[in-house]
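S.K.: Below is a structure I'd like to ask you about.
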There are 2 protein chains.
Amino acid sequence: MYLSFLKSVKNKELEFITAPKIAKELHIGPTQITKDFSYINIIGKTKIGYETSTLISVIEDFLGYHISIKAFLVGIGNLGMAIIKYNKFNQEGLEIIAGFDIEPENIGRVINDIKIFNIDKFKEKFNETPVDIGIISVPTNQSQNIANTMIECGIKAIWNFSEIPISAPDNIIIENTSIDSGLAIIKWQLNKNKPLIYKNRIL
Amino acid sequence: MYLSFLKSVKNKELEFITAPKIAKELHIGPTQITKDFSYINIIGKTKIGYETSTLISVIEDFLGYHISIKAFLVGIGNLGMAIIKYNKFNQEGLEIIAGFDIEPENIGRVINDIKIFNIDKFKEKFNETPVDIGIISVPTNQSQNIANTMIECGIKAIWNFSEIPISAPDNIIIENTSIDSGLAIIKWQLNKNKPLIYKNRIL
């Protein structure tokens, strides 16, 4: 959240930003920000604040942008195609090294230098070149099956773009990313000046 | 964040959840959770916690899931196609009522009951049926132009899926959603048990 906000600040060519300004924009307490930043050894200058570009760079370091991680992508539908073509993954340290699909017309294709294999080959390809992350962008009813295959292979992390969350043992890192994640925030902002519409309820 | 976590809990068929459990999973302090939930008038039962499905329903109410909002979508590439076909928007109260593109082969198509028009028709269609939200899923170099057109028309909110954040006057609600937003979290989790790799730096 900090990172994407700071990048929008940088985009506006603001060289410095203060904790109270970040706090206001992100609806977080300023002391939380100071605490978070001091955890990664960032201390702002009084009245001037933080230098935007250095702050971005330190957060990127902390988040491991400069460590490259390999991934397999399963599901080359519309969203899978958007993921495989996404330009920023390389600079963020994510390298998708193979794609998998079930559609005959997709198998054998090379998209953005990434070859698409039949999903049957997943285990074989994983054994040849183990990856840390399995990305899932298949239809909802297939996502848990694909996750199970990945877990059997010994994958460490699953990044799930399907419409429902998946289950996995506790030792597997699961990140569910949904394209609707911003909608609640927009709707809340559109309605925040209107009378509260939710029912008062005590659970 | 609460909502998507609670849905994964419900998916695991857990009927109740406690604040400390939510706190642990989401890396938030338990008092923050109690505070957030009491803000929307939700009080848990001692030792039992919160009923998952009721909690989901109250948060959905609060976030305006039960208010329907109309949107135009601009850009019918891979990501735009994934957005237009996304099944859950209707249940979340978002109705995309028209799509816009520049590709001749897309114009006139009807996808998921949504008709695609030439981007030249945006202003005309907006005047006929004003919408609250403009969704942008065009290539990076065109996103600011499309945003400007939307703002000229008098749109209230822009949901930007392009790879860079867009600028707008303060009265416009901007939500930048990026498909890479989960990557930092996965990489952090993959690396958190390894020695810290970021450089110690004082800004």
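Please note that chains go A, B, ... in the order of the structure tokens, that every chain numbers its residues from 1, and that ligands are numbered from 1 in the order shown.
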Counting only C-alpha atoms, what are the residues of chain B within 6 Å of chain A, and for each of them which pair of atoms is the nearest and at what distance in Å, to one decimal? Sort the table by chain and rising number, as CSV.

M.R.:
residue,atom,partner,partner_atom,distance
B:Ser8,CA,A:Pro165,CA,5.5
B:Ile42,CA,A:Ile202,CA,5.2
B:Ile43,CA,A:Leu203,CA,5.8
B:Asp61,CA,A:Tyr198,CA,4.8
B:Phe62,CA,A:Tyr198,CA,4.9
B:Leu63,CA,A:Trp188,CA,5.4
B:Asn78,CA,A:Asn78,CA,4.8
B:Leu79,CA,A:Ala82,CA,5.3
B:Ala82,CA,A:Asn78,CA,5.2
B:Pro165,CA,A:Ser8,CA,5.6
B:Ala184,CA,A:Leu63,CA,5.6
B:Trp188,CA,A:Leu63,CA,5.3
B:Tyr198,CA,A:Asp61,CA,4.7
B:Ile202,CA,A:Ile42,CA,5.2
B:Leu203,CA,A:Ile43,CA,5.8

S.K.: Let's see if you can do this: from backbone DSSP, list all alpha helix (DSSP H) residues in region 38-111 of chain B, as a list of chain:residue names.

M.R.: B:Ser38, B:Tyr39, B:Thr52, B:Ser53, B:Thr54, B:Leu55, B:Ile56, B:Ser57, B:Val58, B:Ile59, B:Glu60, B:Asp61, B:Phe62, B:Asn78, B:Leu79, B:Gly80, B:Met81, B:Ala82, B:Ile83, B:Ile84, B:Lys85

S.K.: Taking N, CA, C and O atoms for each residue, export the selection above as a PDB file, in the first residue's frame.

M.R.:
ATOM      1  N   SER B  38     -16.250  -2.510  16.040  1.00  0.00           N
ATOM      2  CA  SER B  38     -17.216  -1.775  16.855  1.00  0.00           C
ATOM      3  C   SER B  38     -17.645  -0.500  16.119  1.00  0.00           C
ATOM      4  O   SER B  38     -18.762  -0.022  16.293  1.00  0.00           O
ATOM      5  N   TYR B  39     -16.784   0.020  15.241  1.00  0.00           N
ATOM      6  CA  TYR B  39     -17.127   1.184  14.413  1.00  0.00           C
ATOM      7  C   TYR B  39     -18.340   0.879  13.534  1.00  0.00           C
ATOM      8  O   TYR B  39     -19.143   1.749  13.236  1.00  0.00           O
ATOM      9  N   THR B  52     -19.080 -16.009  11.352  1.00  0.00           N
ATOM     10  CA  THR B  52     -18.446 -15.647  10.081  1.00  0.00           C
ATOM     11  C   THR B  52     -19.436 -15.072   9.066  1.00  0.00           C
ATOM     12  O   THR B  52     -19.211 -13.990   8.524  1.00  0.00           O
ATOM     13  N   SER B  53     -20.551 -15.777   8.842  1.00  0.00           N
ATOM     14  CA  SER B  53     -21.438 -15.349   7.756  1.00  0.00           C
ATOM     15  C   SER B  53     -22.134 -14.020   8.074  1.00  0.00           C
ATOM     16  O   SER B  53     -22.322 -13.190   7.189  1.00  0.00           O
ATOM     17  N   THR B  54     -22.478 -13.798   9.347  1.00  0.00           N
ATOM     18  CA  THR B  54     -23.102 -12.520   9.713  1.00  0.00           C
ATOM     19  C   THR B  54     -22.089 -11.379   9.580  1.00  0.00           C
ATOM     20  O   THR B  54     -22.412 -10.290   9.107  1.00  0.00           O
ATOM     21  N   LEU B  55     -20.860 -11.646   9.998  1.00  0.00           N
ATOM     22  CA  LEU B  55     -19.782 -10.657   9.891  1.00  0.00           C
ATOM     23  C   LEU B  55     -19.586 -10.248   8.431  1.00  0.00           C
ATOM     24  O   LEU B  55     -19.499  -9.055   8.101  1.00  0.00           O
ATOM     25  N   ILE B  56     -19.551 -11.225   7.550  1.00  0.00           N
ATOM     26  CA  ILE B  56     -19.414 -10.948   6.114  1.00  0.00           C
ATOM     27  C   ILE B  56     -20.563 -10.067   5.642  1.00  0.00           C
ATOM     28  O   ILE B  56     -20.351  -9.047   4.968  1.00  0.00           O
ATOM     29  N   SER B  57     -21.768 -10.418   6.055  1.00  0.00           N
ATOM     30  CA  SER B  57     -22.940  -9.687   5.603  1.00  0.00           C
ATOM     31  C   SER B  57     -22.947  -8.236   6.092  1.00  0.00           C
ATOM     32  O   SER B  57     -23.271  -7.309   5.341  1.00  0.00           O
ATOM     33  N   VAL B  58     -22.550  -8.024   7.355  1.00  0.00           N
ATOM     34  CA  VAL B  58     -22.522  -6.654   7.894  1.00  0.00           C
ATOM     35  C   VAL B  58     -21.446  -5.822   7.184  1.00  0.00           C
ATOM     36  O   VAL B  58     -21.669  -4.658   6.839  1.00  0.00           O
ATOM     37  N   ILE B  59     -20.278  -6.426   6.956  1.00  0.00           N
ATOM     38  CA  ILE B  59     -19.214  -5.692   6.255  1.00  0.00           C
ATOM     39  C   ILE B  59     -19.649  -5.383   4.822  1.00  0.00           C
ATOM     40  O   ILE B  59     -19.430  -4.277   4.320  1.00  0.00           O
ATOM     41  N   GLU B  60     -20.310  -6.341   4.172  1.00  0.00           N
ATOM     42  CA  GLU B  60     -20.804  -6.088   2.812  1.00  0.00           C
ATOM     43  C   GLU B  60     -21.807  -4.934   2.788  1.00  0.00           C
ATOM     44  O   GLU B  60     -21.759  -4.086   1.906  1.00  0.00           O
ATOM     45  N   ASP B  61     -22.702  -4.913   3.784  1.00  0.00           N
ATOM     46  CA  ASP B  61     -23.639  -3.791   3.908  1.00  0.00           C
ATOM     47  C   ASP B  61     -22.883  -2.475   4.042  1.00  0.00           C
ATOM     48  O   ASP B  61     -23.163  -1.508   3.346  1.00  0.00           O
ATOM     49  N   PHE B  62     -21.919  -2.474   4.976  1.00  0.00           N
ATOM     50  CA  PHE B  62     -21.148  -1.262   5.248  1.00  0.00           C
ATOM     51  C   PHE B  62     -20.432  -0.771   3.991  1.00  0.00           C
ATOM     52  O   PHE B  62     -20.364   0.426   3.713  1.00  0.00           O
ATOM     53  N   ASN B  78      -6.888  -7.942 -23.022  1.00  0.00           N
ATOM     54  CA  ASN B  78      -7.011  -9.152 -22.197  1.00  0.00           C
ATOM     55  C   ASN B  78      -7.583  -8.850 -20.827  1.00  0.00           C
ATOM     56  O   ASN B  78      -8.503  -9.520 -20.368  1.00  0.00           O
ATOM     57  N   LEU B  79      -7.034  -7.818 -20.178  1.00  0.00           N
ATOM     58  CA  LEU B  79      -7.510  -7.497 -18.833  1.00  0.00           C
ATOM     59  C   LEU B  79      -8.945  -6.978 -18.882  1.00  0.00           C
ATOM     60  O   LEU B  79      -9.785  -7.376 -18.070  1.00  0.00           O
ATOM     61  N   GLY B  80      -9.248  -6.102 -19.861  1.00  0.00           N
ATOM     62  CA  GLY B  80     -10.608  -5.589 -20.023  1.00  0.00           C
ATOM     63  C   GLY B  80     -11.606  -6.720 -20.235  1.00  0.00           C
ATOM     64  O   GLY B  80     -12.710  -6.714 -19.682  1.00  0.00           O
ATOM     65  N   MET B  81     -11.189  -7.711 -21.011  1.00  0.00           N
ATOM     66  CA  MET B  81     -12.053  -8.863 -21.277  1.00  0.00           C
ATOM     67  C   MET B  81     -12.280  -9.652 -19.980  1.00  0.00           C
ATOM     68  O   MET B  81     -13.396 -10.102 -19.711  1.00  0.00           O
ATOM     69  N   ALA B  82     -11.236  -9.806 -19.181  1.00  0.00           N
ATOM     70  CA  ALA B  82     -11.381 -10.491 -17.883  1.00  0.00           C
ATOM     71  C   ALA B  82     -12.331  -9.712 -16.976  1.00  0.00           C
ATOM     72  O   ALA B  82     -13.156 -10.304 -16.277  1.00  0.00           O
ATOM     73  N   ILE B  83     -12.244  -8.385 -17.018  1.00  0.00           N
ATOM     74  CA  ILE B  83     -13.110  -7.544 -16.178  1.00  0.00           C
ATOM     75  C   ILE B  83     -14.566  -7.661 -16.624  1.00  0.00           C
ATOM     76  O   ILE B  83     -15.469  -7.848 -15.818  1.00  0.00           O
ATOM     77  N   ILE B  84     -14.779  -7.563 -17.936  1.00  0.00           N
ATOM     78  CA  ILE B  84     -16.152  -7.593 -18.463  1.00  0.00           C
ATOM     79  C   ILE B  84     -16.810  -8.959 -18.232  1.00  0.00           C
ATOM     80  O   ILE B  84     -18.031  -9.058 -18.101  1.00  0.00           O
ATOM     81  N   LYS B  85     -15.998  -9.997 -18.148  1.00  0.00           N
ATOM     82  CA  LYS B  85     -16.544 -11.345 -17.938  1.00  0.00           C
ATOM     83  C   LYS B  85     -16.577 -11.753 -16.461  1.00  0.00           C
ATOM     84  O   LYS B  85     -17.033 -12.845 -16.133  1.00  0.00           O
TER      85      LYS B  85
END

S.K.: Suppose you want the space between CA of Ile116 (chain B) and CA of Ala98 (chain B); what is it in Å?

M.R.: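 Computing the Euclidean distance for CA of Ile116 (chain B) and CA of Ala98 (chain B) yields 6.1 Å.
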
S.K.: May I ask for the distance between CA of Asp101 (chain B) and CA of Ile111 (chain A), given in Å to one decimal place?

M.R.: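 The value is 22.8 Å.
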
S.K.: What separation in Å, quoted to one decimal, exists between CA of Ser137 (chain B) and CA of Ile114 (chain B)?

M.R.: 15.7 Å

S.K.: Taking only region 13-128 of chain B into account, list the residues labelled strand (DSSP E or B) by DSSP (computed from the backbone), as a list in words.

M.R.: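 These are the residues in question: Phe16, Ile17, Lys45, Gly49, Tyr50, Glu51, Ile69, Lys70, Ala71, Phe72, Leu73, Val74, Leu94, Glu95, Ile96, Ile97, Ala98, Gly99, Phe100, Asp101, Val110, Ile111, Ile114, Lys115, Ile116, Phe117 and Asn118 of chain B.
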
S.K.: Can you list, as a list of chain:residue names, every protein, DNA or RNA residue that comes within 12 Å of Arg109 (chain B) when you count only C-alpha atoms, leaving out same-chain residues fewer than 3 positions away?

M.R.: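 So, after excluding close chain neighbours, the residues are B:Ile76, B:Met81, B:Ala98, B:Gly99, B:Phe100, B:Asp101, B:Glu103, B:Pro104, B:Glu105, B:Asn106, B:Asn112, B:Asp113, B:Ile114, B:Lys115, B:Ile116, B:Phe117, B:Asn118.
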